[in-house]
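Participant: Input file: data28.pdb. Contents: PDB, C-alpha atoms (C1' of nucleotides).
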MODEL        1
ATOM      1  CA  MET R   1     -11.851   3.365  -4.063
ATOM      2  CA  PRO R   2      -8.158   3.942  -3.833
ATOM      3  CA  GLU R   3      -6.257   2.275  -1.029
ATOM      4  CA  ALA R   4      -2.502   2.552  -0.414
ATOM      5  CA  PRO R   5      -1.456   0.688  -3.612
ATOM      6  CA  GLU R   6      -3.688   2.772  -5.871
ATOM      7  CA  VAL R   7      -2.577   5.966  -4.160
ATOM      8  CA  GLN R   8       1.052   4.938  -4.678
ATOM      9  CA  THR R   9       0.340   4.218  -8.341
ATOM     10  CA  VAL R  10      -1.291   7.594  -8.877
ATOM     11  CA  LEU R  11       1.573   9.325  -7.091
ATOM     12  CA  SER R  12       4.320   7.499  -9.002
ATOM     13  CA  THR R  13       2.591   8.188 -12.297
ATOM     14  CA  LEU R  14       2.139  11.871 -11.508
ATOM     15  CA  GLU R  15       5.785  12.107 -10.504
ATOM     16  CA  THR R  16       6.833  11.034 -14.002
ATOM     17  CA  GLN R  17       4.499  13.622 -15.507
ATOM     18  CA  ILE R  18       4.601  16.810 -13.440
ATOM     19  CA  LYS R  19       7.816  16.787 -11.377
ATOM     20  CA  ASP R  20       9.388  20.277 -11.285
ATOM     21  CA  LEU R  21       6.544  21.859 -13.257
ATOM     22  CA  GLU R  22       5.265  25.202 -12.005
ATOM     23  CA  ILE R  23       1.659  25.866 -11.082
ATOM     24  CA  LEU R  24       0.866  29.022 -13.060
ATOM     25  CA  SER R  25      -2.604  29.308 -11.588
ATOM     26  CA  CYS R  26      -5.322  27.294  -9.944
ATOM     27  CA  GLN R  27      -9.099  27.263 -10.048
ATOM     28  CA  VAL R  28     -11.407  25.709  -7.468
ATOM     29  CA  LEU R  29     -14.878  24.943  -8.829
ATOM     30  CA  TYR R  30     -16.323  23.245  -5.739
ATOM     31  CA  ASN R  31     -15.191  24.903  -2.536
ATOM     32  CA  LYS R  32     -15.658  22.035  -0.106
ATOM     33  CA  ILE R  33     -12.897  20.004  -1.763
ATOM     34  CA  VAL R  34     -10.400  22.428  -0.222
ATOM     35  CA  SER R  35     -10.614  21.937   3.537
ATOM     36  CA  TYR R  36      -7.672  24.213   4.427
ATOM     37  CA  PRO R  37      -7.196  27.108   3.932
ATOM     38  CA  ASP R  38     -10.229  28.573   2.124
ATOM     39  CA  SER R  39     -10.297  28.112  -1.630
ATOM     40  CA  ILE R  40      -9.336  31.726  -2.370
ATOM     41  CA  ARG R  41      -6.171  31.595  -0.276
ATOM     42  CA  PHE R  42      -5.478  28.106  -1.600
ATOM     43  CA  CYS R  43      -5.321  29.430  -5.160
ATOM     44  CA  GLU R  44      -3.362  32.534  -4.223
ATOM     45  CA  GLU R  45      -0.744  30.687  -2.236
ATOM     46  CA  ILE R  46      -0.204  27.771  -4.606
ATOM     47  CA  GLN R  47       0.403  30.019  -7.590
ATOM     48  CA  GLY R  48       4.071  30.011  -8.654
ATOM     49  CA  GLN R  49       4.951  26.882  -6.667
ATOM     50  CA  HIS R  50       6.677  23.875  -8.283
ATOM     51  CA  PHE R  51       6.006  20.172  -7.679
ATOM     52  CA  ARG R  52       9.246  19.027  -6.038
ATOM     53  CA  ASN R  53       8.729  15.759  -4.179
ATOM     54  CA  PHE R  54       6.014  13.112  -4.087
ATOM     55  CA  ARG R  55       5.264  11.237  -0.863
ATOM     56  CA  ARG R  56       2.548   8.961   0.472
ATOM     57  CA  LEU R  57       1.265   8.242   3.968
ATOM     58  CA  GLY R  58      -1.506   5.685   4.085
ATOM     59  CA  LYS R  59      -4.065   6.881   1.553
ATOM     60  CA  TYR R  60      -2.827  10.481   1.577
ATOM     61  CA  LEU R  61      -0.906  11.968  -1.338
ATOM     62  CA  ILE R  62       1.664  14.543  -0.277
ATOM     63  CA  PHE R  63       3.035  16.917  -2.897
ATOM     64  CA  GLU R  64       6.007  18.825  -1.575
ATOM     65  CA  LEU R  65       6.138  22.214  -3.299
ATOM     66  CA  ASP R  66       8.762  24.950  -2.829
ATOM     67  CA  ASP R  67       7.372  26.473   0.377
ATOM     68  CA  LEU R  68       4.167  24.495   0.828
ATOM     69  CA  ASP R  69       2.912  20.937   1.188
ATOM     70  CA  LEU R  70      -0.229  20.003  -0.742
ATOM     71  CA  ILE R  71      -2.002  17.109   0.953
ATOM     72  CA  VAL R  72      -4.731  15.262  -0.967
ATOM     73  CA  HIS R  73      -7.082  12.456   0.025
ATOM     74  CA  LEU R  74      -8.955  10.893  -2.897
ATOM     75  CA  ARG R  75     -11.510   9.137  -0.687
ATOM     76  CA  MET R  76     -13.661   6.944  -2.938
ATOM     77  CA  GLU R  77     -13.555   8.314  -6.436
ATOM     78  CA  GLY R  78     -11.034  11.139  -6.599
ATOM     79  CA  LYS R  79      -8.806  11.035  -9.683
ATOM     80  CA  PHE R  80      -6.258  13.247 -11.370
ATOM     81  CA  TYR R  81      -6.309  13.756 -15.107
ATOM     82  CA  LEU R  82      -3.837  15.627 -17.277
ATOM     83  CA  PHE R  83      -5.221  17.386 -20.338
ATOM     84  CA  ASP R  84      -3.612  19.490 -23.022
ATOM     85  CA  GLN R  85      -6.441  22.002 -22.764
ATOM     86  CA  PRO R  86      -8.890  23.056 -20.048
ATOM     87  CA  LYS R  87     -11.864  20.744 -19.946
ATOM     88  CA  THR R  88     -15.435  21.292 -18.839
ATOM     89  CA  ASP R  89     -16.908  18.457 -16.829
ATOM     90  CA  LYS R  90     -19.330  18.682 -13.947
ATOM     91  CA  HIS R  91     -17.139  16.314 -11.921
ATOM     92  CA  ILE R  92     -13.953  18.350 -12.256
ATOM     93  CA  HIS R  93     -13.649  20.400  -9.085
ATOM     94  CA  VAL R  94     -10.086  21.755  -9.103
ATOM     95  CA  GLN R  95      -7.816  22.683 -12.015
ATOM     96  CA  PHE R  96      -4.068  23.346 -11.852
ATOM     97  CA  PHE R  97      -2.695  25.171 -14.886
ATOM     98  CA  LEU R  98       0.870  23.953 -15.389
ATOM     99  CA  SER R  99       3.942  25.550 -16.931
ATOM    100  CA  ASP R 100       4.135  23.012 -19.779
ATOM    101  CA  GLY R 101       0.703  24.112 -21.002
ATOM    102  CA  ARG R 102      -1.181  21.158 -19.589
ATOM    103  CA  VAL R 103      -3.958  21.236 -17.017
ATOM    104  CA  MET R 104      -4.087  18.849 -14.091
ATOM    105  CA  CYS R 105      -7.748  18.271 -13.221
ATOM    106  CA  TYR R 106      -9.096  16.830 -10.005
ATOM    107  CA  HIS R 107     -12.165  14.740 -10.836
ATOM    108  CA  ASP R 108     -14.450  13.344  -8.139
ATOM    109  CA  THR R 109     -18.015  12.217  -8.840
ATOM    110  CA  ARG R 110     -19.021  12.030  -5.189
ATOM    111  CA  LYS R 111     -17.154  15.128  -4.015
ATOM    112  CA  PHE R 112     -15.756  13.278  -0.997
ATOM    113  CA  GLY R 113     -12.061  13.973  -1.637
ATOM    114  CA  ARG R 114     -10.239  16.714   0.277
ATOM    115  CA  MET R 115      -7.189  18.925  -0.274
ATOM    116  CA  GLN R 116      -5.187  20.853   2.280
ATOM    117  CA  LEU R 117      -2.305  23.269   1.879
ATOM    118  CA  TYR R 118       0.184  23.945   4.687
ATOM    119  CA  ALA R 119       3.580  25.595   5.066
ATOM    120  CA  HIS R 120       6.264  23.117   4.033
ATOM    121  CA  ARG R 121       7.821  20.981   6.735
ATOM    122  CA  GLN R 122      11.102  19.113   6.550
ATOM    123  CA  ASP R 123       9.176  16.019   7.582
ATOM    124  CA  PRO R 124       5.687  16.328   6.068
ATOM    125  CA  PHE R 125       4.465  13.386   8.158
ATOM    126  CA  GLN R 126       4.683  15.737  11.165
ATOM    127  CA  HIS R 127       1.787  17.900   9.991
ATOM    128  CA  PRO R 128      -0.966  18.094  12.637
ATOM    129  CA  CYS R 129      -3.443  16.522  10.209
ATOM    130  CA  PHE R 130      -1.438  13.291  10.503
ATOM    131  CA  GLU R 131      -1.417  13.338  14.290
ATOM    132  CA  HIS R 132      -3.932  10.501  14.492
ATOM    133  CA  ILE R 133      -2.571   8.463  11.609
ATOM    134  CA  GLY R 134      -0.851   5.198  12.497
ATOM    135  CA  LYS R 135       2.131   3.551  10.804
ATOM    136  CA  ASP R 136       1.936   3.149   7.051
ATOM    137  CA  VAL R 137       1.360  -0.427   5.845
ATOM    138  CA  LEU R 138       4.847  -0.550   4.318
ATOM    139  CA  ASP R 139       6.636   1.190   7.170
ATOM    140  CA  PRO R 140       9.118  -1.272   8.747
ATOM    141  CA  GLU R 141       7.768  -0.112  12.100
ATOM    142  CA  PHE R 142       4.420  -1.620  11.179
ATOM    143  CA  ASN R 143       5.290  -5.082  12.491
ATOM    144  CA  SER R 144       3.616  -7.768  14.564
ATOM    145  CA  GLU R 145       4.740  -6.280  17.913
ATOM    146  CA  TYR R 146       3.300  -2.903  16.935
ATOM    147  CA  LEU R 147       0.006  -4.395  15.749
ATOM    148  CA  TYR R 148      -0.387  -6.627  18.786
ATOM    149  CA  ALA R 149       0.274  -3.692  21.127
ATOM    150  CA  LYS R 150      -2.348  -1.628  19.295
ATOM    151  CA  ILE R 151      -5.160  -4.193  19.228
ATOM    152  CA  HIS R 152      -4.763  -6.731  22.038
ATOM    153  CA  LYS R 153      -6.857  -4.646  24.423
ATOM    154  CA  CYS R 154      -9.318  -3.606  21.758
ATOM    155  CA  LYS R 155     -12.874  -4.909  21.969
ATOM    156  CA  LYS R 156     -13.981  -4.214  18.435
ATOM    157  CA  ASN R 157     -13.709  -6.675  15.580
ATOM    158  CA  LEU R 158     -10.608  -7.386  13.532
ATOM    159  CA  LYS R 159     -11.875  -5.782  10.356
ATOM    160  CA  SER R 160     -12.638  -2.492  12.110
ATOM    161  CA  CYS R 161      -9.078  -2.477  13.435
ATOM    162  CA  LEU R 162      -7.613  -3.057   9.976
ATOM    163  CA  LEU R 163      -9.717  -0.192   8.614
ATOM    164  CA  ASP R 164      -8.810   2.104  11.509
ATOM    165  CA  GLN R 165      -6.230   4.504  10.057
ATOM    166  CA  SER R 166      -4.972   5.416  13.519
ATOM    167  CA  ILE R 167      -3.785   1.818  13.912
ATOM    168  CA  VAL R 168      -2.401   1.190  10.432
ATOM    169  CA  ALA R 169      -2.670   3.577   7.483
ATOM    170  CA  GLY R 170      -3.491   2.508   3.954
ATOM    171  CA  ILE R 171      -5.922  -0.422   4.228
ATOM    172  CA  GLY R 172      -9.453  -0.018   2.839
ATOM    173  CA  ASN R 173     -12.465  -2.263   2.561
ATOM    174  CA  ILE R 174     -11.206  -4.416  -0.308
ATOM    175  CA  TYR R 175      -7.764  -5.244   1.025
ATOM    176  CA  ALA R 176      -9.086  -5.720   4.560
ATOM    177  CA  ASP R 177     -11.130  -8.663   3.234
ATOM    178  CA  GLU R 178      -8.164 -10.055   1.318
ATOM    179  CA  ILE R 179      -5.892  -9.785   4.358
ATOM    180  CA  CYS R 180      -8.394 -11.590   6.612
ATOM    181  CA  PHE R 181      -8.757 -14.326   4.014
ATOM    182  CA  SER R 182      -5.017 -14.860   3.647
ATOM    183  CA  ALA R 183      -4.522 -14.828   7.409
ATOM    184  CA  LEU R 184      -7.356 -17.418   7.749
ATOM    185  CA  LEU R 185      -9.203 -15.169  10.192
ATOM    186  CA  ASP R 186     -12.883 -14.300  10.315
ATOM    187  CA  PRO R 187     -13.151 -10.490  10.079
ATOM    188  CA  ARG R 188     -15.717 -10.585  12.906
ATOM    189  CA  SER R 189     -13.114 -11.995  15.317
ATOM    190  CA  ARG R 190     -12.645  -9.844  18.385
ATOM    191  CA  ALA R 191      -9.333  -8.034  18.257
ATOM    192  CA  ASN R 192      -8.459  -8.914  21.843
ATOM    193  CA  ARG R 193      -8.568 -12.596  20.947
ATOM    194  CA  ILE R 194      -6.025 -12.224  18.161
ATOM    195  CA  SER R 195      -2.719 -13.830  19.132
ATOM    196  CA  LYS R 196       0.820 -12.595  18.515
ATOM    197  CA  LYS R 197       1.190 -15.366  15.967
ATOM    198  CA  ASP R 198      -1.956 -14.140  14.187
ATOM    199  CA  CYS R 199      -0.502 -10.638  14.171
ATOM    200  CA  GLU R 200       2.629 -11.959  12.491
ATOM    201  CA  ASN R 201       0.431 -13.529   9.830
ATOM    202  CA  ILE R 202      -1.661 -10.405   9.388
ATOM    203  CA  VAL R 203       1.388  -8.162   8.997
ATOM    204  CA  PHE R 204       3.090 -10.593   6.631
ATOM    205  CA  HIS R 205       0.045 -10.879   4.356
ATOM    206  CA  THR R 206      -0.714  -7.154   4.545
ATOM    207  CA  LYS R 207       2.731  -6.281   3.230
ATOM    208  CA  ARG R 208       2.671  -9.094   0.673
ATOM    209  CA  ILE R 209      -0.727  -8.083  -0.711
ATOM    210  CA  MET R 210       0.072  -4.366  -0.721
ATOM    211  CA  LYS R 211       3.393  -4.848  -2.481
ATOM    212  CA  GLY R 212       1.795  -7.183  -5.021
ATOM    213  CA  ALA R 213      -0.941  -4.662  -5.710
ATOM    214  CA  MET R 214       1.555  -1.851  -6.144
ATOM    215  CA  LYS R 215       3.456  -3.961  -8.641
ATOM    216  CA  ALA R 216       0.203  -4.618 -10.520
ATOM    217  CA  GLY R 217      -0.562  -0.892 -10.431
ATOM    218  CA  GLY R 218       2.872  -0.292 -11.817
ATOM    219  CA  THR R 219       1.986  -2.497 -14.757
ATOM    220  CA  THR R 220      -1.022  -0.303 -15.454
ATOM    221  CA  ILE R 221       1.150   2.797 -15.665
ATOM    222  CA  ARG R 222       2.856   1.542 -18.811
ATOM    223  CA  SER R 223      -0.443   1.725 -20.653
ATOM    224  CA  TYR R 224      -0.669   5.390 -19.657
ATOM    225  CA  THR R 225      -1.843   7.463 -22.608
ATOM    226  CA  SER R 226      -3.148  10.998 -22.389
ATOM    227  CA  SER R 227      -4.835  11.072 -19.039
ATOM    228  CA  LEU R 228      -4.472   9.709 -15.570
ATOM    229  CA  GLY R 229      -7.296   7.825 -13.999
ATOM    230  CA  VAL R 230      -5.379   4.929 -12.609
ATOM    231  CA  THR R 231      -7.585   2.241 -11.206
ATOM    232  CA  GLY R 232      -5.111  -0.628 -11.285
ATOM    233  CA  LEU R 233      -5.411  -4.204 -12.422
ATOM    234  CA  PHE R 234      -5.126  -5.756  -9.004
ATOM    235  CA  GLN R 235      -8.832  -6.530  -8.871
ATOM    236  CA  LEU R 236      -8.052  -9.482 -11.136
ATOM    237  CA  LYS R 237      -6.107 -11.009  -8.289
ATOM    238  CA  LEU R 238      -8.719 -10.609  -5.559
ATOM    239  CA  LYS R 239      -9.567 -13.899  -3.906
ATOM    240  CA  VAL R 240     -12.732 -13.087  -1.976
ATOM    241  CA  HIS R 241     -13.761  -9.457  -2.352
ATOM    242  CA  SER R 242     -16.768  -9.006  -4.710
ATOM    243  CA  ARG R 243     -16.836 -12.739  -5.312
ATOM    244  CA  LYS R 244     -20.077 -13.625  -3.541
ATOM    245  CA  GLY R 245     -21.260 -17.085  -4.548
ATOM    246  CA  GLU R 246     -18.029 -17.960  -6.315
ATOM    247  CA  LEU R 247     -15.946 -20.814  -4.976
ATOM    248  CA  CYS R 248     -13.132 -20.333  -2.469
ATOM    249  CA  PRO R 249      -9.846 -20.846  -4.324
ATOM    250  CA  VAL R 250      -8.566 -22.968  -1.425
ATOM    251  CA  CYS R 251     -11.472 -25.183  -0.283
ATOM    252  CA  GLN R 252     -14.146 -24.630  -2.977
ATOM    253  CA  ALA R 253     -16.778 -23.520  -0.455
ATOM    254  CA  PRO R 254     -18.993 -20.672  -1.717
ATOM    255  CA  ILE R 255     -17.791 -17.186  -0.737
ATOM    256  CA  LYS R 256     -20.277 -15.426   1.539
ATOM    257  CA  LYS R 257     -21.131 -11.768   1.747
ATOM    258  CA  ILE R 258     -21.983 -10.388   5.172
ATOM    259  CA  THR R 259     -21.998  -6.990   6.851
ATOM    260  CA  VAL R 260     -19.296  -6.176   9.393
ATOM    261  CA  SER R 261     -19.298  -2.726  10.999
ATOM    262  CA  GLN R 262     -21.621  -1.433   8.264
ATOM    263  CA  ARG R 263     -19.252  -2.587   5.529
ATOM    264  CA  GLY R 264     -19.894  -5.148   2.842
ATOM    265  CA  THR R 265     -17.567  -7.999   3.732
ATOM    266  CA  TYR R 266     -16.622 -11.124   1.805
ATOM    267  CA  LEU R 267     -15.218 -14.251   3.388
ATOM    268  CA  CYS R 268     -14.837 -17.994   3.088
ATOM    269  CA  PRO R 269     -16.905 -19.399   5.963
ATOM    270  CA  ASN R 270     -14.858 -22.585   5.895
ATOM    271  CA  CYS R 271     -11.252 -21.319   5.778
ATOM    272  CA  GLN R 272     -11.549 -18.273   7.998
ATOM    273  CA  LYS R 273     -11.770 -19.049  11.706
ATOM    274  CA  ARG R 274     -13.608 -16.852  14.162
ATOM    275  CA  LYS R 275     -11.755 -16.049  17.373
TER     276      LYS R 275
ATOM    277  C1'  DT Q 276     -12.386   6.597  26.930
ATOM    278  C1'  DT Q 277     -13.931   3.703  23.499
ATOM    279  C1'  DT Q 278     -17.126   2.252  20.157
ATOM    280  C1'  DT Q 279     -21.064   3.005  17.156
ATOM    281  C1'  DT Q 280     -23.856   5.801  14.253
ATOM    282  C1'  DT Q 281     -24.531   9.580  11.238
ATOM    283  C1'  DT Q 282     -23.131  12.587   7.719
ATOM    284  C1'  DC Q 283     -21.314  13.925   3.370
ATOM    285  C1'  DC Q 284     -22.475  12.938  -2.148
ATOM    286  C1'  DT Q 285     -23.846  10.866  -6.552
ATOM    287  C1'  DG Q 286     -24.210   7.070  -9.825
ATOM    288  C1'  DA Q 287     -25.789   2.499 -10.486
ATOM    289  C1'  DC Q 288     -29.218  -0.506 -10.155
ATOM    290  C1'  DA Q 289     -33.738  -2.766  -8.722
ATOM    291  C1'  DG Q 290     -38.511  -2.642  -8.733
ATOM    292  C1'  DC Q 291     -42.775  -0.734 -10.029
TER     293       DC Q 291
ATOM    294  C1'  DT P 292     -39.788   5.372 -20.094
ATOM    295  C1'  DG P 293     -39.550   7.444 -15.868
ATOM    296  C1'  DC P 294     -39.963   7.549 -11.097
ATOM    297  C1'  DT P 295     -38.634   6.200  -6.292
ATOM    298  C1'  DG P 296     -35.816   3.864  -3.143
ATOM    299  C1'  DT P 297     -31.605   1.595  -1.723
ATOM    300  C1'  DC P 298     -26.822   0.874  -1.646
ATOM    301  C1'  DA P 299     -21.771   1.760  -1.710
ATOM    302  C1'  DG P 300     -17.812   3.864   0.602
ATOM    303  C1'  DG P 301     -13.474   6.822   3.998
ATOM    304  C1'  DA P 302     -13.162   9.490   7.564
ATOM    305  C1'  DA P 303     -14.758  13.274  10.514
ATOM    306  C1'  DA P 304     -18.150  14.532  13.731
ATOM    307  C1'  DA P 305     -21.663  13.418  16.763
ATOM    308  C1'  DA P 306     -23.890  10.310  19.738
ATOM    309  C1'  DA P 307     -24.002   6.427  22.764
TER     310       DA P 307
ENDMDL
END
What's the structure tokens form of this structure?
Facilitator:
Amino acid sequence: MPEAPEVQTVLSTLETQIKDLEILSCQVLYNKIVSYPDSIRFCEEIQGQHFRNFRRLGKYLIFELDDLDLIVHLRMEGKFYLFDQPKTDKHIHVQFFLSDGRVMCYHDTRKFGRMQLYAHRQDPFQHPCFEHIGKDVLDPEFNSEYLYAKIHKCKKNLKSCLLDQSIVAGIGNIYADEICFSALLDPRSRANRISKKDCENIVFHTKRIMKGAMKAGGTTIRSYTSSLGVTGLFQLKLKVHSRKGELCPVCQAPIKKITVSQRGTYLCPNCQKRK
DNA sequence: TTTTTTTCCTGACAGC
DNA sequence: TGCTGTCAGGAAAAAA
């Protein structure tokens, strides 16, 4: 389940591999992956374009081509692989045939990922599909004043706010738990009870954890061989997520698993205070 | 308007 | 072994 750090890792790795290559042709094997335009126009229009620039907003990958912007969301299990020859696999839904003879395959077991293709914009973040996307986790404008302004009147719980991409873009279920743990806050805390000081803590730890994870992802890249399916090594550093029953690294209390807003949520019931 | 629930999809796993 | 049922998850759409 790629969050901002994994998306950044995938993007950075692809940049080293396919920058300035031409898309000779494209094949869509499962139509619903392409949400705009339809898959026929998608293939027609992308043909002959080159991968020029590689950008990220939250969990979205943005490939700037010559005249178009290709926007991809991997959702839970989307991955890109590069092969020397076309490959048959029931989970490969889109294939890009590249000018160096390789094939970039989009692989997604659950078919949740989506691709969109729009006319290129000078600032790709201005595309209408990003209208409801908040500041990226690493954007300097994502700061404690911004976060406090966004959530201090909000009645839902803290974790829902962290997962809400219109507030801050790039946090998923795993890092939301890690951020709450580091900020010593119970994810069930009501957002309107979160203080400015708490927001400072949340923003600080969000950026720290995201940057650390990106660095760990960067380590993974060096072991890159023939294909790309970057998952990252950051899971080794997780303090609470998926650690039900294990001991809290700070106070040794057992980590609990609960459900918050329909999401599996891990926390230390001793360290994290409910507000 | 804001918040919650449902939907999409398949593999992994539990229980029989 | 093979079947059935449940769960996981991001975000859009629908419902509350």
Participant: Once the PyMOL selection byres ((chain R and resi 80) around 10) is applied to the coordinates I shared, what remains selected? I want it as a list of chain:residue names.
Facilitator: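 Evaluating the PyMOL selection byres ((chain R and resi 80) around 10) on this file yields R:Val10, R:Leu11, R:Leu14, R:Leu74, R:Gly78, R:Lys79, R:Tyr81, R:Leu82, R:Phe83, R:Ile92, R:Val94, R:Gln95, R:Met104, R:Cys105, R:Tyr106, R:His107, R:Asp108, R:Ser227, R:Leu228, R:Gly229, R:Val230.
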Participant: Could you tell me how far atom CA of R:Ala183 sits from atom CA of R:Thr265, in Å to one decimal place?
Facilitator: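 For atom CA of R:Thr265 relative to atom CA of R:Ala183, the distance reads 15.2 Å.
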Participant: Near chain R, meaning an atom within 9 Å, which residues of chain Q appear when counting all atoms listed in the file? Write them as JSON, numbers by chain.
Facilitator: {"Q": [277, 278, 279, 283, 284, 285, 286]}
Participant: Please write as a list in words the full residue list that the PyMOL selection byres ((chain P) within 10 of (chain R)) yields on this file.
Facilitator: DA299, DG300, DG301 and DA302 of chain P
Participant: To one decimal place in Å, what is the distance between atom CA of R:Ala169 and atom CA of R:Gln116?
Facilitator: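 Answer for the atom CA of R:Ala169 to atom CA of R:Gln116 separation: 18.2 Å.
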Participant: Spell out the residues picked by the PyMOL selection byres ((chain P and resi 304) around 9) here, as a ChimeraX atom specification.
Facilitator: /Q:281-282 /P:303,305
Participant: Would you mind reading off the distance between atom CA of R:Lys237 and atom CA of R:Arg190, one decimal, in Å?
Facilitator: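 Value for the atom CA of R:Lys237-atom CA of R:Arg190 distance: 27.5 Å.
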Participant: Would you please work out which residue, of R:Cys26, R:Ser182, R:Phe204, R:Asp198, is nearest to R:Pro249 when using all atoms listed in the file?
Facilitator: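 With all atoms listed in the file as the atom set, the closest residue is R:Ser182.
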Participant: Find the residues around R:Arg243 up to 7 Å (all atoms listed in the file counted), leave out those fewer than 3 positions away in its own chain, and share them as a ChimeraX atom specification.
Facilitator: /R:240,246,255
Participant: Give me the residues within 10 Å of stretch 34-47 of chain R as a PyMOL selection string, counting only C-alpha atoms (C1' of nucleotides) and dropping any in the same chain fewer than 3 places off.
Facilitator: chain R and resi 22-31+50+65-72+93-98+113-119
